[in-house]
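Data file: coords.csv. Format and content: CSV, C-alpha atoms and all ligand atoms.
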chain,number,residue,atom,x,y,z
A,1,MET,CA,-12.0,-15.0,-0.1
A,2,TYR,CA,-13.8,-14.3,3.2
A,3,ILE,CA,-13.6,-16.3,6.4
A,4,ARG,CA,-17.1,-16.4,7.8
A,5,ASN,CA,-16.5,-18.3,11.1
A,6,ALA,CA,-14.7,-15.4,12.8
A,7,TRP,CA,-15.4,-12.5,15.1
A,8,TYR,CA,-15.2,-9.2,13.2
A,9,VAL,CA,-15.3,-5.7,14.6
A,10,ALA,CA,-18.6,-4.0,13.7
A,11,GLY,CA,-17.5,-0.8,15.4
A,12,TRP,CA,-16.3,0.9,18.5
A,13,ALA,CA,-18.8,0.7,21.4
A,14,SER,CA,-19.5,4.4,21.0
A,15,GLU,CA,-20.8,3.9,17.4
A,16,PHE,CA,-23.9,2.1,18.7
A,17,GLY,CA,-26.8,3.7,20.4
A,18,GLN,CA,-30.6,3.5,20.5
A,19,GLU,CA,-30.9,4.5,16.8
A,20,LEU,CA,-30.8,2.0,13.9
A,21,THR,CA,-27.3,1.9,12.3
A,22,SER,CA,-26.5,0.0,9.1
A,23,VAL,CA,-23.1,-1.7,9.0
A,24,THR,CA,-21.7,-3.9,6.2
A,25,VAL,CA,-19.4,-6.8,7.0
A,26,LEU,CA,-18.3,-9.4,4.4
A,27,GLU,CA,-20.8,-7.9,1.9
A,28,GLN,CA,-23.7,-8.5,4.3
A,29,ARG,CA,-25.7,-5.6,5.5
A,30,LEU,CA,-26.6,-5.6,9.2
A,31,VAL,CA,-28.9,-3.3,11.2
A,32,MET,CA,-27.5,-2.7,14.6
A,33,TYR,CA,-28.8,-1.0,17.8
A,34,ARG,CA,-28.7,-1.1,21.5
A,35,THR,CA,-31.7,-2.5,23.3
A,36,ASN,CA,-33.2,-0.7,26.3
A,37,ALA,CA,-31.0,-3.0,28.4
A,38,THR,CA,-28.0,-1.6,26.4
A,39,THR,CA,-27.0,-4.9,24.7
A,40,VAL,CA,-26.1,-4.5,21.1
A,41,VAL,CA,-28.1,-6.4,18.5
A,42,ALA,CA,-27.3,-7.2,14.9
A,43,LEU,CA,-30.0,-8.4,12.5
A,44,GLU,CA,-30.0,-8.9,8.7
A,45,ASP,CA,-30.8,-5.4,7.3
A,46,ARG,CA,-33.3,-6.6,4.8
A,47,CYS,CA,-37.0,-7.1,5.2
A,48,PRO,CA,-38.0,-10.5,3.9
A,49,HIS,CA,-41.1,-9.0,2.3
A,50,ARG,CA,-40.0,-6.4,-0.3
A,51,LEU,CA,-36.3,-6.2,0.9
A,52,LEU,CA,-36.4,-2.7,2.3
A,53,PRO,CA,-33.5,-2.4,4.7
A,54,LEU,CA,-34.9,-2.5,8.2
A,55,SER,CA,-32.5,0.3,9.2
A,56,LYS,CA,-35.0,2.5,7.2
A,57,GLY,CA,-37.8,1.5,9.6
A,58,LYS,CA,-38.3,2.5,13.2
A,59,ARG,CA,-37.9,1.1,16.7
A,60,ILE,CA,-40.9,0.1,18.7
A,61,GLY,CA,-39.4,-0.7,22.1
A,62,ASP,CA,-36.7,-3.3,21.4
A,63,ASP,CA,-38.4,-4.3,18.1
A,64,ILE,CA,-38.0,-2.9,14.6
A,65,GLN,CA,-41.0,-2.0,12.4
A,66,CYS,CA,-40.3,-2.1,8.7
A,67,GLY,CA,-40.6,1.3,7.1
A,68,TYR,CA,-42.7,0.0,4.1
A,69,HIS,CA,-45.6,-2.2,5.3
A,70,GLY,CA,-44.9,-2.4,9.0
A,71,MET,CA,-43.8,-6.0,9.5
A,72,THR,CA,-42.2,-6.1,12.9
A,73,PHE,CA,-39.3,-8.1,14.1
A,74,ASN,CA,-38.0,-8.7,17.6
A,75,CYS,CA,-34.3,-8.6,18.5
A,76,SER,CA,-33.8,-12.3,17.8
A,77,GLY,CA,-35.0,-11.8,14.3
A,78,ALA,CA,-38.5,-13.4,14.7
A,79,CYS,CA,-41.5,-11.6,13.1
A,80,ILE,CA,-44.0,-10.7,15.7
A,81,ARG,CA,-46.5,-8.8,13.5
A,82,VAL,CA,-47.8,-8.8,9.9
A,83,PRO,CA,-50.2,-5.9,9.5
A,84,GLY,CA,-53.4,-7.0,7.7
A,85,GLN,CA,-53.3,-10.7,8.7
A,86,ASP,CA,-53.4,-12.8,11.8
A,87,ASN,CA,-50.9,-15.5,10.9
A,88,VAL,CA,-47.1,-15.0,10.7
A,89,PRO,CA,-45.6,-17.1,7.8
A,90,SER,CA,-42.7,-19.4,8.9
A,91,SER,CA,-40.5,-17.7,6.4
A,92,ALA,CA,-41.1,-14.3,8.0
A,93,TYR,CA,-37.9,-13.8,9.9
A,94,VAL,CA,-34.5,-12.1,9.6
A,95,ARG,CA,-31.1,-13.6,10.5
A,96,ALA,CA,-29.7,-12.6,13.9
A,97,TYR,CA,-25.9,-12.4,14.3
A,98,PRO,CA,-24.2,-13.1,17.6
A,99,VAL,CA,-22.7,-9.9,19.1
A,100,GLU,CA,-20.3,-9.3,22.0
A,101,GLN,CA,-18.9,-6.1,23.4
A,102,ARG,CA,-15.4,-6.3,24.9
A,103,ASN,CA,-12.8,-3.6,25.7
A,104,ASP,CA,-15.2,-0.9,24.2
A,105,ILE,CA,-15.2,-2.7,20.9
A,106,VAL,CA,-18.3,-4.4,19.4
A,107,PHE,CA,-17.6,-7.8,17.7
A,108,VAL,CA,-20.0,-9.6,15.5
A,109,TRP,CA,-19.8,-13.3,14.5
A,110,MET,CA,-20.5,-13.7,10.7
A,111,GLY,CA,-20.5,-17.5,10.5
A,112,ASP,CA,-22.7,-20.3,11.8
A,113,ALA,CA,-24.3,-19.0,15.0
A,114,GLU,CA,-23.8,-22.3,16.8
A,115,LYS,CA,-20.0,-22.1,16.3
A,116,ALA,CA,-19.8,-18.6,17.9
A,117,ASN,CA,-17.5,-19.0,20.8
A,118,THR,CA,-16.8,-15.9,22.9
A,119,ASP,CA,-13.5,-17.4,24.1
A,120,LEU,CA,-12.2,-16.8,20.5
A,121,ILE,CA,-12.7,-13.0,20.7
A,122,PHE,CA,-9.5,-11.1,20.5
A,123,ASP,CA,-8.2,-9.9,23.9
A,124,MET,CA,-4.9,-9.2,25.6
A,125,PRO,CA,-4.1,-8.6,29.3
A,126,GLU,CA,-2.7,-5.1,28.7
A,127,PHE,CA,-6.2,-3.8,28.0
A,128,THR,CA,-7.0,-3.9,31.7
A,129,SER,CA,-3.5,-3.6,33.4
A,130,PRO,CA,-2.8,-0.4,35.3
A,131,GLN,CA,0.8,-0.3,33.9
A,132,TRP,CA,-0.6,0.2,30.4
A,133,HIS,CA,-2.5,2.9,28.7
A,134,VAL,CA,-5.1,2.1,26.2
A,135,HIS,CA,-6.1,4.8,23.7
A,136,GLN,CA,-8.7,4.4,20.9
A,137,GLY,CA,-7.7,5.9,17.6
A,138,ASP,CA,-9.8,6.2,14.4
A,139,ALA,CA,-11.6,4.1,11.8
A,140,LEU,CA,-9.5,4.4,8.6
A,141,HIS,CA,-11.5,3.7,5.5
A,142,LEU,CA,-9.5,2.2,2.7
A,143,LYS,CA,-10.6,1.4,-0.9
A,144,ALA,CA,-8.6,-1.8,-0.9
A,145,HIS,CA,-9.1,-5.5,-0.5
A,146,TYR,CA,-8.7,-6.7,3.1
A,147,LEU,CA,-6.1,-9.3,2.2
A,148,ASN,CA,-3.9,-6.5,0.8
A,149,VAL,CA,-4.4,-4.4,4.0
A,150,ALA,CA,-3.7,-7.4,6.3
A,151,GLU,CA,-0.7,-8.3,4.2
A,152,ASN,CA,0.7,-4.9,4.9
A,153,LEU,CA,0.3,-5.6,8.6
A,154,VAL,CA,2.6,-8.6,8.5
A,155,ASP,CA,5.2,-7.0,6.4
A,156,PRO,CA,7.9,-5.2,8.4
A,157,ALA,CA,10.0,-4.6,5.3
A,158,HIS,CA,7.9,-1.7,4.0
A,159,VAL,CA,8.4,0.4,7.0
A,160,SER,CA,11.7,2.0,6.0
A,161,PHE,CA,10.3,3.1,2.7
A,162,VAL,CA,6.8,4.0,3.4
A,163,HIS,CA,7.1,5.6,6.9
A,164,PRO,CA,10.5,7.3,6.9
A,165,THR,CA,9.5,10.1,9.3
A,166,THR,CA,7.7,8.1,11.9
A,167,LEU,CA,8.2,4.4,12.2
A,168,GLY,CA,11.2,3.6,10.0
A,169,ASN,CA,14.5,4.9,8.8
A,170,ALA,CA,17.3,3.7,6.5
A,171,ALA,CA,19.0,1.6,9.2
A,172,SER,CA,16.4,-1.2,8.7
A,173,GLU,CA,16.4,-1.4,4.9
A,174,ASN,CA,18.5,-4.5,4.7
A,175,VAL,CA,17.7,-6.3,8.0
A,176,PRO,CA,16.1,-9.7,7.3
A,177,VAL,CA,12.6,-10.6,8.5
A,178,HIS,CA,11.8,-13.7,10.5
A,179,VAL,CA,8.5,-15.4,10.3
A,180,ASP,CA,6.8,-18.0,12.6
A,181,THR,CA,3.3,-19.4,13.1
A,182,GLN,CA,1.8,-20.0,16.5
A,183,GLY,CA,-1.6,-21.6,16.0
A,184,ASP,CA,-3.9,-19.0,14.4
A,185,VAL,CA,-1.3,-16.3,14.9
A,186,LEU,CA,1.4,-15.4,12.4
A,187,VAL,CA,4.4,-13.4,13.6
A,188,ALA,CA,6.9,-11.6,11.4
A,189,TRP,CA,9.7,-9.7,13.3
A,190,ARG,CA,13.0,-8.1,13.2
A,191,TRP,CA,15.4,-6.3,15.5
A,192,ILE,CA,17.5,-3.3,14.4
A,193,ARG,CA,20.4,-3.1,16.8
A,194,ASP,CA,22.4,-0.1,17.7
A,195,ALA,CA,20.9,2.5,15.4
A,196,GLU,CA,19.5,6.1,15.7
A,197,PRO,CA,16.0,6.2,17.1
A,198,VAL,CA,13.2,6.6,14.5
A,199,GLY,CA,11.0,9.7,14.6
A,200,PHE,CA,8.5,8.1,16.9
A,201,PHE,CA,11.0,7.3,19.6
A,202,GLN,CA,12.9,10.5,19.3
A,203,LYS,CA,9.7,12.1,20.4
A,204,PHE,CA,8.6,9.6,23.0
A,205,GLY,CA,11.6,7.7,24.2
A,206,GLY,CA,13.8,10.5,25.5
A,207,PHE,CA,16.8,8.6,24.2
A,208,SER,CA,20.2,10.4,23.9
A,209,GLY,CA,22.2,7.7,22.1
A,210,ASN,CA,21.6,4.8,19.8
A,211,VAL,CA,18.8,2.3,20.5
A,212,ASP,CA,17.8,-1.3,19.8
A,213,ARG,CA,14.5,-1.3,18.0
A,214,TRP,CA,12.1,-4.1,17.5
A,215,HIS,CA,9.0,-4.7,15.3
A,216,TYR,CA,6.9,-7.7,15.9
A,217,TYR,CA,3.9,-8.1,13.6
A,218,TYR,CA,1.4,-10.5,15.0
A,219,LEU,CA,-1.5,-11.4,12.7
A,220,HIS,CA,-4.4,-13.1,14.3
A,221,LEU,CA,-6.2,-14.9,11.5
A,222,PRO,CA,-8.2,-13.8,9.7
A,223,SER,CA,-7.8,-10.0,10.1
A,224,ILE,CA,-6.6,-8.6,13.4
A,225,ALA,CA,-3.1,-7.3,13.6
A,226,VAL,CA,-1.0,-6.4,16.7
A,227,ILE,CA,2.2,-4.5,16.0
A,228,ASP,CA,4.5,-4.6,18.9
A,229,PHE,CA,7.2,-2.1,18.5
A,230,GLY,CA,9.6,-0.3,20.7
A,231,SER,CA,13.1,0.8,21.6
A,232,ALA,CA,15.5,0.6,24.4
A,233,SER,CA,19.0,2.0,24.8
A,234,SER,CA,21.5,-0.2,23.0
A,235,GLU,CA,23.6,-0.3,26.1
A,236,LEU,CA,21.0,-2.7,27.7
A,237,ASN,CA,21.4,-5.1,24.8
A,238,LEU,CA,17.8,-6.2,25.5
A,239,GLU,CA,16.6,-9.8,25.0
A,240,GLU,CA,13.4,-10.6,23.2
A,241,GLN,CA,11.5,-11.5,26.5
A,242,ASP,CA,12.6,-8.2,28.2
A,243,ARG,CA,10.8,-5.8,25.8
A,244,ASN,CA,8.7,-4.4,28.7
A,245,GLN,CA,11.9,-2.8,30.0
A,246,GLY,CA,12.0,-0.6,26.9
A,247,VAL,CA,9.4,1.9,25.6
A,248,ARG,CA,6.9,-0.5,24.2
A,249,ILE,CA,3.8,0.2,22.1
A,250,PHE,CA,1.2,-2.1,20.7
A,251,ALA,CA,-0.6,-0.7,17.7
A,252,LEU,CA,-3.7,-2.8,17.1
A,253,HIS,CA,-5.6,-2.9,13.8
A,254,PHE,CA,-9.0,-4.5,13.5
A,255,LEU,CA,-9.8,-5.0,9.9
A,256,THR,CA,-13.4,-5.2,8.8
A,257,PRO,CA,-13.8,-6.5,5.2
A,258,VAL,CA,-16.7,-4.5,3.8
A,259,ASN,CA,-16.5,-5.8,0.2
A,260,GLU,CA,-13.8,-6.7,-2.2
A,261,HIS,CA,-12.6,-3.2,-2.6
A,262,TYR,CA,-13.3,-1.7,0.8
A,263,THR,CA,-11.9,-2.3,4.2
A,264,ILE,CA,-12.3,-0.4,7.5
A,265,ASP,CA,-9.2,-0.5,9.8
A,266,ARG,CA,-10.1,0.5,13.3
A,267,TRP,CA,-6.9,1.1,15.2
A,268,LEU,CA,-5.9,1.8,18.7
A,269,HIS,CA,-2.7,1.7,20.7
A,270,ILE,CA,-1.6,0.4,24.1
A,271,ARG,CA,1.6,1.7,25.6
A,272,ASN,CA,3.8,1.4,28.7
A,273,THR,CA,5.0,5.0,28.6
A,274,ALA,CA,3.3,8.3,29.4
A,275,VAL,CA,0.5,6.3,31.1
A,276,ASP,CA,-2.5,8.6,31.8
A,277,ASP,CA,-0.9,11.4,29.7
A,278,GLU,CA,-3.7,12.4,27.3
A,279,ALA,CA,-1.6,14.9,25.5
A,280,ALA,CA,0.9,12.1,24.6
A,281,SER,CA,-2.1,10.1,23.3
A,282,GLU,CA,-3.0,12.9,21.0
A,283,GLN,CA,0.6,13.3,19.8
A,284,MET,CA,1.0,9.6,19.1
A,285,ASP,CA,-2.3,9.5,17.2
A,286,ALA,CA,-1.1,12.4,15.1
A,287,MET,CA,2.0,10.3,14.2
A,288,PHE,CA,0.0,7.2,13.6
A,289,ARG,CA,-2.4,9.2,11.3
A,290,ILE,CA,0.6,10.2,9.2
A,291,ALA,CA,1.9,6.7,9.0
A,292,PHE,CA,-1.4,4.9,8.3
A,293,ASN,CA,-2.4,7.4,5.7
A,294,GLU,CA,0.9,6.6,4.0
A,295,ASP,CA,-0.2,2.9,3.9
A,296,LYS,CA,-3.7,3.9,2.7
A,297,GLU,CA,-2.3,5.8,-0.3
A,298,ILE,CA,-0.2,2.8,-1.3
A,299,LEU,CA,-2.9,0.2,-0.8
A,300,GLU,CA,-5.5,2.2,-2.7
A,301,ALA,CA,-3.1,2.8,-5.6
A,302,ILE,CA,-2.4,-1.0,-5.7
A,303,ASP,CA,-6.2,-1.8,-5.7
A,304,GLU,CA,-6.6,0.5,-8.8
A,305,GLN,CA,-3.8,-1.4,-10.5
A,306,GLU,CA,-5.2,-4.8,-9.6
A,307,GLN,CA,-8.5,-3.9,-11.3
A,308,LEU,CA,-6.7,-3.3,-14.7
A,309,PRO,CA,-5.9,-6.2,-17.0
A,310,GLN,CA,-2.8,-8.1,-16.0
A,311,SER,CA,-0.2,-9.5,-18.4
A,312,ARG,CA,2.0,-11.1,-15.7
A,313,LYS,CA,1.9,-12.3,-12.2
A,314,PRO,CA,3.4,-10.2,-9.4
A,315,ILE,CA,6.9,-11.4,-8.4
A,316,ARG,CA,7.7,-12.7,-4.9
A,317,LEU,CA,10.8,-11.6,-2.9
A,318,ALA,CA,12.6,-12.9,0.2
A,319,ILE,CA,10.9,-10.2,2.3
A,320,ASP,CA,7.5,-11.6,1.4
A,321,LYS,CA,7.6,-14.5,3.9
A,322,GLY,CA,4.9,-13.1,6.2
A,323,PRO,CA,2.4,-12.2,3.4
A,324,THR,CA,3.0,-15.5,1.6
A,325,VAL,CA,2.3,-17.6,4.7
A,326,TYR,CA,-0.7,-15.4,5.5
A,327,ARG,CA,-2.3,-15.9,2.1
A,328,ARG,CA,-1.7,-19.6,2.2
A,329,ARG,CA,-3.4,-19.8,5.7
A,330,ILE,CA,-6.4,-17.8,4.5
A,331,ARG,CA,-6.8,-20.0,1.4
A,332,ASP,CA,-6.7,-23.1,3.6
A,333,MET,CA,-9.3,-21.7,6.0
A,334,ALA,CA,-11.6,-20.6,3.2
A,335,GLU,CA,-11.3,-24.1,1.6
A,336,GLN,CA,-12.0,-25.7,4.9
A,337,GLU,CA,-15.2,-23.6,5.4
A,338,ALA,CA,-16.3,-24.4,1.8
A,339,THR,CA,-15.9,-28.1,2.4
A,340,GLU,CA,-17.8,-28.0,5.8
A,341,ASP,CA,-20.6,-26.2,4.0
A,342,LEU,CA,-21.2,-29.2,1.8
A,343,GLY,CA,-22.2,-31.0,5.0
A,344,GLU,CA,-23.9,-34.4,5.0
A,345,PRO,CA,-25.8,-35.4,1.9
A,346,LEU,CA,-29.5,-34.9,2.4
A,347,HIS,CA,-30.7,-38.1,0.7
A,348,PRO,CA,-28.0,-40.8,0.9
A,349,THR,CA,-27.9,-42.6,-2.4
A,350,PHE,CA,-27.1,-46.0,-0.8
A,351,VAL,CA,-29.1,-47.5,2.0
A,352,HIS,CA,-27.5,-50.5,3.7
A,353,HIS,CA,-29.7,-53.2,5.1
A,354,GLU,CA,-28.4,-55.6,7.6
B,401,LIG,S1,-41.0,-4.4,2.8
B,401,LIG,FE1,-41.0,-4.7,4.9
B,401,LIG,S2,-43.1,-5.0,5.3
B,401,LIG,FE2,-43.0,-4.7,3.2
B,402,FE,FE,2.7,0.6,7.2
Give the structure from the file, written as structure tokens.
Ligand code: FES
Ligand SMILES: [Fe+2]
Amino acid sequence: MYIRNAWYVAGWASEFGQELTSVTVLEQRLVMYRTNATTVVALEDRCPHRLLPLSKGKRIGDDIQCGYHGMTFNCSGACIRVPGQDNVPSSAYVRAYPVEQRNDIVFVWMGDAEKANTDLIFDMPEFTSPQWHVHQGDALHLKAHYLNVAENLVDPAHVSFVHPTTLGNAASENVPVHVDTQGDVLVAWRWIRDAEPVGFFQKFGGFSGNVDRWHYYYLHLPSIAVIDFGSASSELNLEEQDRNQGVRIFALHFLTPVNEHYTIDRWLHIRNTAVDDEAASEQMDAMFRIAFNEDKEILEAIDEQEQLPQSRKPIRLAIDKGPTVYRRRIRDMAEQEATEDLGEPLHPTFVHHE
């Protein structure tokens, strides 16, 4: 259940240099590197001759020479040399994938190249605003299906039970979840009014009394999540549109589906508090690591269970609104891509003559 026509994160910008790096996205292996002009290139990591991964070859300028018999490919995937013969067969090429670097993140388009539109790349104004601090976190590797990982990121109801020391507490156990769809973005949210600050905001909010706390989970289809969470003194009785007046943090998760049982979650955060305070960044990352490893443990245990024979279907609860809508949208998108792939018939059966 992969959506191909989408921009996926291949890695942080710092993960790509002059050397050949092999990256797997949607079960396709890519060889990636920076050209001498520092643009990142992604090619199919498989020589069309004997299928040796090109990442096992070597760079000759901006080109790659296969490590087995020396066929050489340029950075648009065309073969420019076949040792031992003068002609280059027309089938001697590798696929080139559109790549774009933005906000120190490298995105790759996994679908039809002609549909790659850089306007669709995830962005938000806080990345470049001086009132906000952007801090890159880690790449969390999970042995879990990306749909289960994404579902967890549109599911505010697990927070009280999975993250009791950092992001949740018992005050939110019974608060209902709202869900809405805005184009290709799903949002699930809830407010917990007039409650004790959770661990995260005890540390970073400097609150002395009770707070109003919000959690908005935005899921940009297919697999980028923005968790907008924060707290403000309950005395302010903050409205939804005034969240910037509180301590507000965006935790971003870029999910890269590697295969059906492996997902990489590259996460970072953007905050309106402790701007330029690198010590605070490290302290927040330490808390995020605790929380996200709690999710990892749960999601990997679920993946193990899903691989065992099943005698009944999982049940659905009222809190599952976000995940249910998410899975339906992904199913629709996958179906739409599959139908588009059928395309026009090559040899129409009926020919009409006037
Ligand atoms: S396998 Fe690449 S040239 Fe033979
Ligand atoms: Fe979680």
### Query
Which residues sit within 6 Å of ligand LIG 401 (chain B), counting all atoms listed in the file, listed as a PyMOL selection string?
chain A and resi 47+49-52+66+68-71
### Message
Which residues are near ligand FE 402 (chain B) in this structure, taking near to mean any atom at most 8 Å from a ligand atom and counting all atoms listed in the file? Format them as a ChimeraX atom specification.
### Response
/A:152-153,156,158-159,162-163,291-292,294-295
Next, dump the selected residues to file, keeping only C-alpha atoms, as a PDB file, keeping the file's coordinate frame.
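And here's again05.pdb as it stands now:
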ATOM      1  CA  ASN A 152       0.700  -4.900   4.900  1.00  0.00           C
ATOM      2  CA  LEU A 153       0.300  -5.600   8.600  1.00  0.00           C
ATOM      3  CA  PRO A 156       7.900  -5.200   8.400  1.00  0.00           C
ATOM      4  CA  HIS A 158       7.900  -1.700   4.000  1.00  0.00           C
ATOM      5  CA  VAL A 159       8.400   0.400   7.000  1.00  0.00           C
ATOM      6  CA  VAL A 162       6.800   4.000   3.400  1.00  0.00           C
ATOM      7  CA  HIS A 163       7.100   5.600   6.900  1.00  0.00           C
ATOM      8  CA  ALA A 291       1.900   6.700   9.000  1.00  0.00           C
ATOM      9  CA  PHE A 292      -1.400   4.900   8.300  1.00  0.00           C
ATOM     10  CA  GLU A 294       0.900   6.600   4.000  1.00  0.00           C
ATOM     11  CA  ASP A 295      -0.200   2.900   3.900  1.00  0.00           C
TER      12      ASP A 295
END
### Message
Using all atoms listed in the file, can you tell me which of A:Ala157, A:Ala37, A:Met287, A:Val9 comes closest to A:Pro323?
### Response
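So, comparing all the options, the nearest one is A:Ala157.
For the residues A:Val211, A:Leu317, A:Ala113, A:Ala301, ranking by smallest atom-to-atom distance to A:Ser231 using all atoms listed in the file places A:Val211 first.
Considering the residues A:Gln283, A:Tyr217, A:Gly11, A:Val185 and counting all atoms listed in the file, A:Phe254 has its shortest atom-to-atom contact with A:Gly11.
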### Message
Between atom CA of A:Thr35 and atom CA of A:Thr118, what distance in Å does the model show, to one decimal?
### Response
20.0 Å
### Message
Would you pick out the contacts of A:Arg248 at 6 Å or less, using only C-alpha atoms, so that residues sharing its chain but fewer than 2 positions from it are not included, and give the list as a PyMOL selection string?
### Response
chain A and resi 229-230+246+271-272
### Task
May I ask for the distance between atom CA of A:Arg29 and atom CA of A:Val41, given in Å to one decimal place?
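One can read the atom CA of A:Arg29 to atom CA of A:Val41 distance as 13.2 Å.
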### Which residue of A:Ile270, A:Glu15, A:Met32, A:Ile105 approaches A:Pro125 most closely, using all atoms listed in the file
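Comparing A:Ile270, A:Glu15, A:Met32, A:Ile105 against A:Pro125, the winner is A:Ile270.
Near A:Gly199, within 8 Å and counting all atoms listed in the file, sit A:Thr165, A:Thr166, A:Leu167, A:Gly168, not including residues fewer than 6 positions from it in the same chain.
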### Message
One decimal, in Å: what's the spacing between atom CA of A:Tyr93 and atom CA of A:Ala338?
### Response
25.4 Å
### Message
My list of candidates is A:Arg289, A:His253, A:His215, A:His178. Which is closest to A:Ile319 when distances are computed with only C-alpha atoms?
### Response
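Of the candidates, the smallest distance to A:Ile319 is held by A:His178.
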